[in-house]
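input_35.cif, holding mmCIF, C-alpha atoms:
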```cif
data_my_file
loop_
_atom_site.label_atom_id
_atom_site.label_comp_id
_atom_site.auth_asym_id
_atom_site.auth_seq_id
_atom_site.Cartn_x
_atom_site.Cartn_y
_atom_site.Cartn_z
CA MET N 1 61.85 77.78 -33.98
CA GLN N 2 58.48 78.84 -35.34
CA TYR N 3 56.86 82.25 -34.81
CA ARG N 4 53.27 83.44 -34.62
CA THR N 5 51.55 86.78 -34.29
CA LEU N 6 50.57 87.65 -30.73
CA GLY N 7 46.84 88.15 -31.09
CA ARG N 8 46.17 91.19 -33.23
CA THR N 9 49.22 93.14 -32.03
CA GLY N 10 51.43 92.42 -35.04
CA VAL N 11 54.22 91.33 -32.67
CA GLN N 12 55.91 88.07 -33.67
CA VAL N 13 56.68 85.66 -30.83
CA SER N 14 58.22 82.20 -30.69
CA THR N 15 55.91 79.22 -30.28
CA LEU N 16 57.97 78.19 -27.25
CA ALA N 17 58.35 80.94 -24.65
CA LEU N 18 60.61 80.98 -21.61
CA GLY N 19 58.78 81.05 -18.29
CA ALA N 20 60.95 82.24 -15.41
CA MET N 21 58.97 80.99 -12.40
CA ASN N 22 61.79 78.61 -11.48
CA PHE N 23 64.43 81.34 -11.38
CA GLY N 24 65.51 81.82 -7.77
CA ARG N 25 64.21 80.14 -4.66
CA ILE N 26 61.28 78.30 -6.27
CA GLY N 27 63.50 76.28 -8.59
CA ARG N 28 66.70 76.76 -6.59
CA THR N 29 68.24 78.33 -9.70
CA THR N 30 71.19 80.67 -9.24
CA GLN N 31 71.76 83.86 -11.22
CA GLU N 32 74.54 82.17 -13.19
CA GLU N 33 72.23 79.28 -14.08
CA ALA N 34 69.36 81.59 -14.96
CA THR N 35 71.59 83.66 -17.27
CA ALA N 36 72.85 80.50 -18.97
CA ILE N 37 69.24 79.36 -19.53
CA VAL N 38 68.30 82.74 -21.00
CA ASP N 39 71.41 82.72 -23.22
CA ALA N 40 70.59 79.27 -24.58
CA ALA N 41 66.91 80.09 -25.07
CA LEU N 42 67.67 83.24 -27.05
CA GLU N 43 70.27 81.38 -29.09
CA ALA N 44 67.62 78.80 -29.97
CA GLY N 45 65.24 81.50 -31.20
CA ILE N 46 62.99 82.05 -28.19
CA ASN N 47 62.13 85.75 -28.03
CA LEU N 48 59.40 85.87 -25.35
CA ILE N 49 60.28 85.75 -21.64
CA ASP N 50 57.52 85.65 -19.05
CA THR N 51 57.84 86.23 -15.32
CA ALA N 52 55.74 87.67 -12.46
CA ASP N 53 56.19 89.87 -9.42
CA MET N 54 55.26 87.09 -6.98
CA TYR N 55 57.77 84.52 -8.29
CA GLY N 56 60.18 84.35 -5.37
CA ASP N 57 58.75 87.64 -4.06
CA GLY N 58 60.36 89.53 -6.92
CA GLU N 59 63.53 87.44 -7.15
CA SER N 60 62.66 86.06 -10.58
CA GLU N 61 62.19 89.56 -12.02
CA VAL N 62 65.58 90.62 -10.65
CA MET N 63 67.29 87.60 -12.18
CA VAL N 64 65.55 88.05 -15.54
CA GLY N 65 66.58 91.70 -15.56
CA LYS N 66 70.23 90.83 -15.01
CA ALA N 67 70.11 88.06 -17.61
CA ILE N 68 68.70 90.27 -20.39
CA ALA N 69 70.84 93.35 -19.67
CA GLY N 70 72.18 94.80 -22.89
CA ARG N 71 69.72 93.02 -25.18
CA ARG N 72 66.36 94.28 -23.98
CA ASP N 73 65.18 95.40 -27.42
CA ASP N 74 65.47 91.88 -28.85
CA ILE N 75 63.07 90.41 -26.28
CA VAL N 76 59.31 90.51 -25.83
CA LEU N 77 59.25 90.91 -22.06
CA ALA N 78 56.16 89.95 -20.05
CA THR N 79 55.39 90.07 -16.36
CA LYS N 80 52.32 89.80 -14.15
CA ALA N 81 50.78 91.36 -11.04
CA GLY N 82 47.80 90.73 -8.81
CA MET N 83 48.83 87.92 -6.48
CA PRO N 84 49.65 88.86 -2.86
CA MET N 85 53.01 90.51 -2.29
CA GLY N 86 53.47 90.39 1.47
CA GLU N 87 50.98 90.71 4.31
CA GLU N 88 49.61 94.17 3.55
CA ARG N 89 46.02 93.69 2.40
CA ASN N 90 46.22 96.22 -0.43
CA HIS N 91 49.44 94.80 -1.88
CA GLN N 92 47.48 92.52 -4.19
CA GLY N 93 44.59 92.53 -6.64
CA SER N 94 43.98 94.72 -9.67
CA SER N 95 43.04 98.10 -8.23
CA ARG N 96 44.46 101.24 -9.80
CA ARG N 97 46.28 101.97 -6.54
CA TRP N 98 48.14 98.67 -6.56
CA LEU N 99 48.80 98.19 -10.27
CA ILE N 100 50.44 101.59 -10.69
CA ALA N 101 52.64 101.07 -7.63
CA GLU N 102 53.54 97.47 -8.42
CA LEU N 103 54.39 98.10 -12.06
CA ASP N 104 57.00 100.60 -10.89
CA ASN N 105 58.35 97.94 -8.54
CA SER N 106 58.53 95.41 -11.38
CA LEU N 107 60.27 97.87 -13.70
CA ARG N 108 62.83 98.58 -10.97
CA ARG N 109 63.47 94.89 -10.36
CA LEU N 110 63.74 94.15 -14.08
CA GLY N 111 65.95 97.18 -14.70
CA VAL N 112 63.88 98.39 -17.66
CA ASP N 113 61.69 101.40 -18.44
CA HIS N 114 58.78 99.39 -19.88
CA VAL N 115 57.44 95.88 -20.32
CA ASP N 116 55.89 94.64 -23.54
CA LEU N 117 53.09 92.69 -21.88
CA TYR N 118 51.63 93.33 -18.42
CA GLN N 119 49.22 90.65 -17.24
CA ILE N 120 46.66 90.45 -14.46
CA HIS N 121 47.71 87.23 -12.74
CA ARG N 122 44.21 86.24 -11.61
CA TRP N 123 40.77 87.79 -11.91
CA ASP N 124 40.08 89.98 -8.87
CA PRO N 125 36.37 89.77 -7.97
CA ARG N 126 36.70 92.78 -5.65
CA THR N 127 37.70 95.18 -8.41
CA SER N 128 35.56 96.34 -11.33
CA ASP N 129 36.69 95.81 -14.91
CA GLU N 130 36.45 99.57 -15.49
CA GLU N 131 38.84 100.28 -12.60
CA THR N 132 41.44 97.79 -13.82
CA LEU N 133 41.18 98.58 -17.53
CA SER N 134 41.33 102.32 -16.86
CA ALA N 135 44.55 101.94 -14.87
CA LEU N 136 46.10 99.65 -17.50
CA THR N 137 45.10 102.02 -20.30
CA ASP N 138 46.76 104.93 -18.49
CA LEU N 139 49.94 102.88 -17.96
CA GLN N 140 49.92 102.02 -21.66
CA ARG N 141 49.51 105.68 -22.65
CA ALA N 142 52.35 106.59 -20.28
CA GLY N 143 54.62 104.23 -22.22
CA LYS N 144 55.30 101.91 -19.28
CA ILE N 145 53.56 98.95 -20.92
CA ARG N 146 52.96 98.21 -24.59
CA TYR N 147 50.07 95.75 -24.20
CA PHE N 148 48.20 94.11 -21.36
CA GLY N 149 46.55 90.77 -20.85
CA SER N 150 44.79 88.46 -18.43
CA SER N 151 45.88 85.18 -16.89
CA THR N 152 43.66 82.23 -15.98
CA PHE N 153 40.43 84.18 -16.37
CA PRO N 154 37.16 82.23 -16.68
CA ALA N 155 35.67 82.56 -20.15
CA TYR N 156 32.77 84.72 -19.00
CA ARG N 157 35.19 87.18 -17.36
CA ILE N 158 37.19 87.44 -20.59
CA VAL N 159 33.97 88.34 -22.42
CA GLN N 160 32.89 90.81 -19.73
CA ALA N 161 36.25 92.59 -19.83
CA GLN N 162 36.05 92.94 -23.61
CA TRP N 163 32.61 94.52 -23.33
CA ALA N 164 33.71 96.80 -20.47
CA ALA N 165 36.60 98.07 -22.60
CA ARG N 166 34.23 98.84 -25.45
CA GLU N 167 31.60 100.46 -23.22
CA HIS N 168 34.07 102.75 -21.44
CA HIS N 169 36.30 103.43 -24.49
CA LEU N 170 39.36 101.86 -22.90
CA SER N 171 42.14 99.66 -24.25
CA ARG N 172 41.38 95.96 -24.02
CA TYR N 173 43.16 92.82 -22.99
CA THR N 174 45.11 91.49 -25.97
CA THR N 175 46.22 88.16 -24.47
CA GLU N 176 45.11 85.42 -22.10
CA GLN N 177 47.43 83.03 -20.25
CA PRO N 178 45.59 79.82 -19.26
CA SER N 179 46.73 76.43 -18.02
CA TYR N 180 46.57 73.84 -20.83
CA SER N 181 47.93 70.37 -21.40
CA ILE N 182 46.87 66.96 -22.69
CA LEU N 183 45.74 66.13 -19.15
CA GLN N 184 43.93 69.43 -18.54
CA ARG N 185 41.83 70.21 -21.62
CA GLY N 186 38.93 72.05 -20.01
CA ILE N 187 39.76 75.37 -21.65
CA GLU N 188 38.88 73.85 -25.02
CA THR N 189 35.23 74.01 -23.98
CA HIS N 190 34.84 77.75 -23.32
CA VAL N 191 38.09 79.72 -22.97
CA LEU N 192 39.77 78.97 -26.31
CA PRO N 193 36.61 79.58 -28.38
CA VAL N 194 36.29 82.97 -26.64
CA THR N 195 39.93 83.93 -27.23
CA GLU N 196 39.53 83.04 -30.90
CA GLN N 197 36.34 85.09 -31.11
CA TYR N 198 38.07 88.19 -29.73
CA GLY N 199 41.42 87.67 -31.43
CA LEU N 200 43.43 87.27 -28.23
CA GLY N 201 46.93 85.85 -28.17
CA VAL N 202 47.14 82.77 -25.94
CA LEU N 203 50.24 81.89 -23.91
CA VAL N 204 49.61 78.55 -22.22
CA TRP N 205 51.30 77.58 -18.98
CA SER N 206 51.99 74.13 -17.53
CA PRO N 207 51.94 72.33 -20.91
CA LEU N 208 53.84 69.48 -19.21
CA ALA N 209 51.16 69.27 -16.49
CA SER N 210 53.52 70.00 -13.58
CA GLY N 211 55.86 67.25 -14.75
CA TRP N 212 53.28 64.53 -15.37
CA LEU N 213 54.10 64.71 -19.10
CA SER N 214 57.87 65.11 -18.76
CA GLY N 215 58.58 61.38 -19.06
CA ALA N 216 59.82 61.19 -15.48
CA ILE N 217 56.52 59.92 -14.06
CA ARG N 218 55.66 56.35 -14.97
CA GLU N 219 53.90 53.35 -13.46
CA GLY N 220 56.06 51.51 -10.92
CA ARG N 221 58.52 54.38 -10.42
CA ASP N 222 58.88 56.56 -7.36
CA ILE N 223 57.76 60.10 -8.14
CA THR N 224 60.71 62.32 -7.26
CA THR N 225 60.16 65.43 -9.37
CA SER N 226 60.84 68.82 -7.79
CA ARG N 227 57.15 69.75 -7.97
CA SER N 228 56.11 66.58 -6.12
CA ALA N 229 58.38 67.52 -3.21
CA PHE N 230 56.33 70.58 -2.25
CA MET N 231 52.95 69.55 -3.70
CA PRO N 232 52.78 65.85 -2.73
CA GLN N 233 48.97 65.70 -2.77
CA ARG N 234 48.99 66.32 -6.52
CA PHE N 235 51.12 63.23 -7.10
CA ASP N 236 49.57 60.78 -4.64
CA THR N 237 48.47 57.97 -6.93
CA THR N 238 45.92 56.71 -4.39
CA VAL N 239 43.89 59.82 -5.23
CA PRO N 240 41.44 58.95 -8.06
CA ALA N 241 42.31 62.00 -10.20
CA ASN N 242 46.02 61.22 -9.96
CA ARG N 243 45.37 57.57 -10.76
CA ALA N 244 43.49 58.68 -13.88
CA ARG N 245 46.42 60.87 -14.87
CA LEU N 246 48.91 58.05 -14.43
CA ASP N 247 46.75 55.70 -16.50
CA ALA N 248 46.61 58.33 -19.26
CA VAL N 249 50.36 58.92 -19.05
CA GLU N 250 51.05 55.22 -19.62
CA GLN N 251 48.90 55.24 -22.76
CA LEU N 252 50.47 58.48 -23.96
CA ALA N 253 53.97 57.10 -23.41
CA GLU N 254 53.13 54.13 -25.61
CA LEU N 255 51.72 56.48 -28.25
CA ALA N 256 54.85 58.65 -28.15
CA ASP N 257 57.09 55.60 -28.59
CA GLU N 258 55.09 54.43 -31.59
CA ALA N 259 55.33 57.91 -33.14
CA GLY N 260 59.07 58.18 -32.49
CA LEU N 261 58.62 61.10 -30.11
CA THR N 262 59.58 61.89 -26.54
CA MET N 263 56.80 62.59 -24.07
CA ILE N 264 57.89 66.23 -24.01
CA GLN N 265 57.63 66.49 -27.80
CA LEU N 266 54.19 64.90 -27.68
CA ALA N 267 53.01 67.25 -24.91
CA LEU N 268 54.37 70.49 -26.37
CA GLY N 269 53.44 69.54 -29.92
CA PHE N 270 49.89 68.94 -28.76
CA VAL N 271 49.30 72.37 -27.22
CA THR N 272 51.00 74.33 -30.00
CA THR N 273 48.91 72.50 -32.61
CA HIS N 274 45.69 74.13 -31.38
CA PRO N 275 44.92 77.06 -33.71
CA ALA N 276 44.01 79.32 -30.77
CA VAL N 277 47.39 78.87 -29.04
CA THR N 278 50.19 81.33 -29.76
CA SER N 279 52.97 80.04 -27.51
CA ALA N 280 53.61 77.37 -24.89
CA LEU N 281 55.49 78.53 -21.80
CA ILE N 282 58.30 76.22 -20.73
CA GLY N 283 59.82 76.65 -17.28
CA PRO N 284 63.17 74.82 -17.13
CA ARG N 285 65.15 74.69 -13.88
CA THR N 286 68.36 73.57 -15.60
CA LEU N 287 70.04 73.78 -18.98
CA ASP N 288 69.40 70.07 -19.50
CA HIS N 289 65.68 70.65 -18.96
CA LEU N 290 65.75 73.49 -21.48
CA HIS N 291 67.48 71.44 -24.16
CA THR N 292 65.02 68.54 -23.85
CA GLN N 293 62.15 71.00 -24.23
CA LEU N 294 63.74 72.88 -27.13
CA ALA N 295 63.77 69.58 -29.01
CA ALA N 296 60.01 70.06 -29.38
CA ALA N 297 60.32 73.46 -31.08
CA ASP N 298 59.56 72.13 -34.55
CA THR N 299 57.40 69.14 -33.57
CA THR N 300 54.32 68.67 -35.73
CA LEU N 301 51.87 65.96 -34.70
CA SER N 302 50.10 63.96 -37.36
CA THR N 303 46.32 63.69 -37.50
CA ASP N 304 46.55 60.05 -36.43
CA VAL N 305 48.52 60.98 -33.30
CA LEU N 306 46.11 63.80 -32.45
CA ASP N 307 43.15 61.46 -32.90
CA ALA N 308 44.81 58.92 -30.61
CA ILE N 309 45.33 61.60 -27.95
CA ASP N 310 41.62 62.47 -28.18
CA THR N 311 40.83 58.81 -27.51
CA ILE N 312 43.03 58.75 -24.40
CA VAL N 313 41.82 62.11 -22.98
CA THR N 314 38.49 63.34 -24.30
CA PRO N 315 38.56 66.90 -25.71
CA GLY N 316 37.42 69.47 -23.17
CA THR N 317 38.17 67.18 -20.21
CA ASP N 318 40.18 68.04 -17.09
CA LEU N 319 41.52 64.87 -15.49
CA ALA N 320 42.20 66.82 -12.29
CA PRO N 321 39.21 69.21 -12.06
CA ASP N 322 40.08 70.23 -8.50
CA GLU N 323 43.26 71.86 -9.79
CA LYS N 324 41.51 74.29 -12.09
CA PHE N 325 42.41 77.91 -11.42
CA ASP N 326 39.50 79.60 -13.19
CA THR N 327 36.63 78.16 -11.17
CA PRO N 328 33.96 80.81 -10.44
CA PRO N 329 34.20 81.94 -6.78
CA ALA N 330 30.60 80.87 -6.05
CA LEU N 331 31.61 77.24 -6.60
CA LEU N 332 34.35 77.51 -4.00
CA ASP N 333 32.67 79.68 -1.34
CA PRO N 334 29.23 78.44 -0.19
CA THR N 335 28.28 81.91 1.12
CA LEU N 336 28.32 83.22 -2.46
CA ARG N 337 25.69 80.75 -3.66
CA ARG N 338 23.32 80.79 -0.70
CA ARG N 339 20.88 83.42 0.40
#
```
Encoded form (structure tokens):
Amino acid sequence: MQYRTLGRTGVQVSTLALGAMNFGRIGRTTQEEATAIVDAALEAGINLIDTADMYGDGESEVMVGKAIAGRRDDIVLATKAGMPMGEERNHQGSSRRWLIAELDNSLRRLGVDHVDLYQIHRWDPRTSDEETLSALTDLQRAGKIRYFGSSTFPAYRIVQAQWAAREHHLSRYTTEQPSYSILQRGIETHVLPVTEQYGLGVLVWSPLASGWLSGAIREGRDITTSRSAFMPQRFDTTVPANRARLDAVEQLAELADEAGLTMIQLALGFVTTHPAVTSALIGPRTLDHLHTQLAAADTTLSTDVLDAIDTIVTPGTDLAPDEKFDTPPALLDPTLRRR
């Protein structure tokens, strides 16, 4: 396992990090299975575990807390807040009112007195940067969080938050957690240059592109991955974007074979090669999934392989642009771009 510094914090984290979204009902993973996955990940050298309040409505945090009991100090523990938690309209977003209340809920579910990294799950256009940063700074000073970060923020919002922190003399975001894979390279255009400019740590999610790069999806095979069962529209190969992904996957599979790599090694090696990336989040549902992903821990891609990837998927290109999660609201809601 390799380790890198998380932004400018001085904290050393593994280049592969354990994402716990699949713990519980989402991945149908039991507590026993989740604990076994955590045990194996820590044994392999992973020291960063990432979860969120909304994963299974808190179930993932509970399972992570039980799995790490007795070894909390050896783990860089991260969680997130901001997505809706129930029907109450104020149980979401990044207001001071909600973040303070929900952090206490997360700490209770995790069974700890602090988290190392607290992340805003999505940018909340209803809440000012000053409001959010002020609350996070107070939580940091209270010792309940060590650092805080953003997740899937558009590049201009990352910049704005940095300036707001400076203007109001508040602590700033130290990390960003964007989606990034060979098939979704849009963040190379704006987000990654910004994170490098401000010295942010970058924890990328979905490096296997929701299973497209796992090796299980190939031309002529039925797509039977767990993700395709509840998100079938993202795997319908009659959709042009999905057809483009499948065409790219076939070329990437041939490239991986020629390089003596698995598709997973190619995919994870690609994202961790980028100098702006600190860690790639893997989200195994089973121990077998974990072991196949751990095999990529020390993968280094040659320049020839990286150049070939650039030929298959142009740098800065999202093959499925409709699945971007950092699109400015005005592009999604016509009322925000019309007088």
### Message
Running the PyMOL selection byres ((chain N and resi 31) around 12) on this model by hand, what would come out? Give it as a PyMOL selection string.
### Response
chain N and resi 20+22-25+27-30+32-38+59-68+285-286
### Query
range 179-183 of chain N: which residues within 9 Å, counting only C-alpha atoms, same-chain residues fewer than 2 positions away excluded, as a count of residues only?
34
### Query
Quick one, how far is CA of Thr262 in chain N from CA of Leu281 in chain N?
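Computing the Euclidean distance for CA of Thr262 in chain N and CA of Leu281 in chain N yields 17.8 Å.
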### Query
Which polymer residues have any atom within 7 Å of an atom of range 3-15 of chain N, counting all atoms listed in the file, with same-chain residues fewer than 6 positions away left out, as a PyMOL selection string?
chain N and resi 46-48+174-175+199-201+272+278-280
### Query
Mind telling me what the PyMOL selection byres ((chain N and resi 253) around 10) catches here, as an MDAnalysis selection string?
chainID N and resid 213 215 218 248:252 254:259 261:264 266
### Query
Using only C-alpha atoms, which residues sit within 6 Å of range 70-79 of chain N once same-chain residues fewer than 6 positions away are excluded, as a list of chain:residue names?
N:Asn47, N:Leu48, N:Ile49, N:Asp50, N:Thr51, N:Ala52, N:Val115, N:Asp116, N:Leu117, N:Tyr118
### Message
On this structure, the PyMOL selection byres ((chain N and resi 232-236) around 10) would catch which residues? List them as number ranges by chain, sorted by chain and number.
### Response
N: 210-212, 217, 223-231, 237-243, 245-246, 320, 322-323
### Task
Report the distance between CA of Glu167 in chain N and CA of Thr137 in chain N in Å, rounded to one decimal place.
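Separating CA of Glu167 in chain N from CA of Thr137 in chain N is a distance of 13.9 Å.
Proximity to Ala142 in chain N was assessed for N:His114, N:Arg96, N:Arg122, N:His291 counting all atoms listed in the file; the smallest distance is recorded for N:His114.
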### Message
Give me, as a list in words, all polymer residues having an atom no more than 12 Å from Asp104 in chain N, counting only C-alpha atoms and skipping those fewer than 6 positions away in the same chain.
### Response
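Surrounding residues, per the criterion: Asp53, Thr79, Ala81, Arg97, Trp98, Leu110, Gly111, Val112, Asp113, His114, Val115, Tyr118, Leu139, Lys144 and Ile145 of chain N.
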### Query
How many Å lie between CA of His169 in chain N and CA of Trp123 in chain N, rounded to one decimal?
20.6 Å
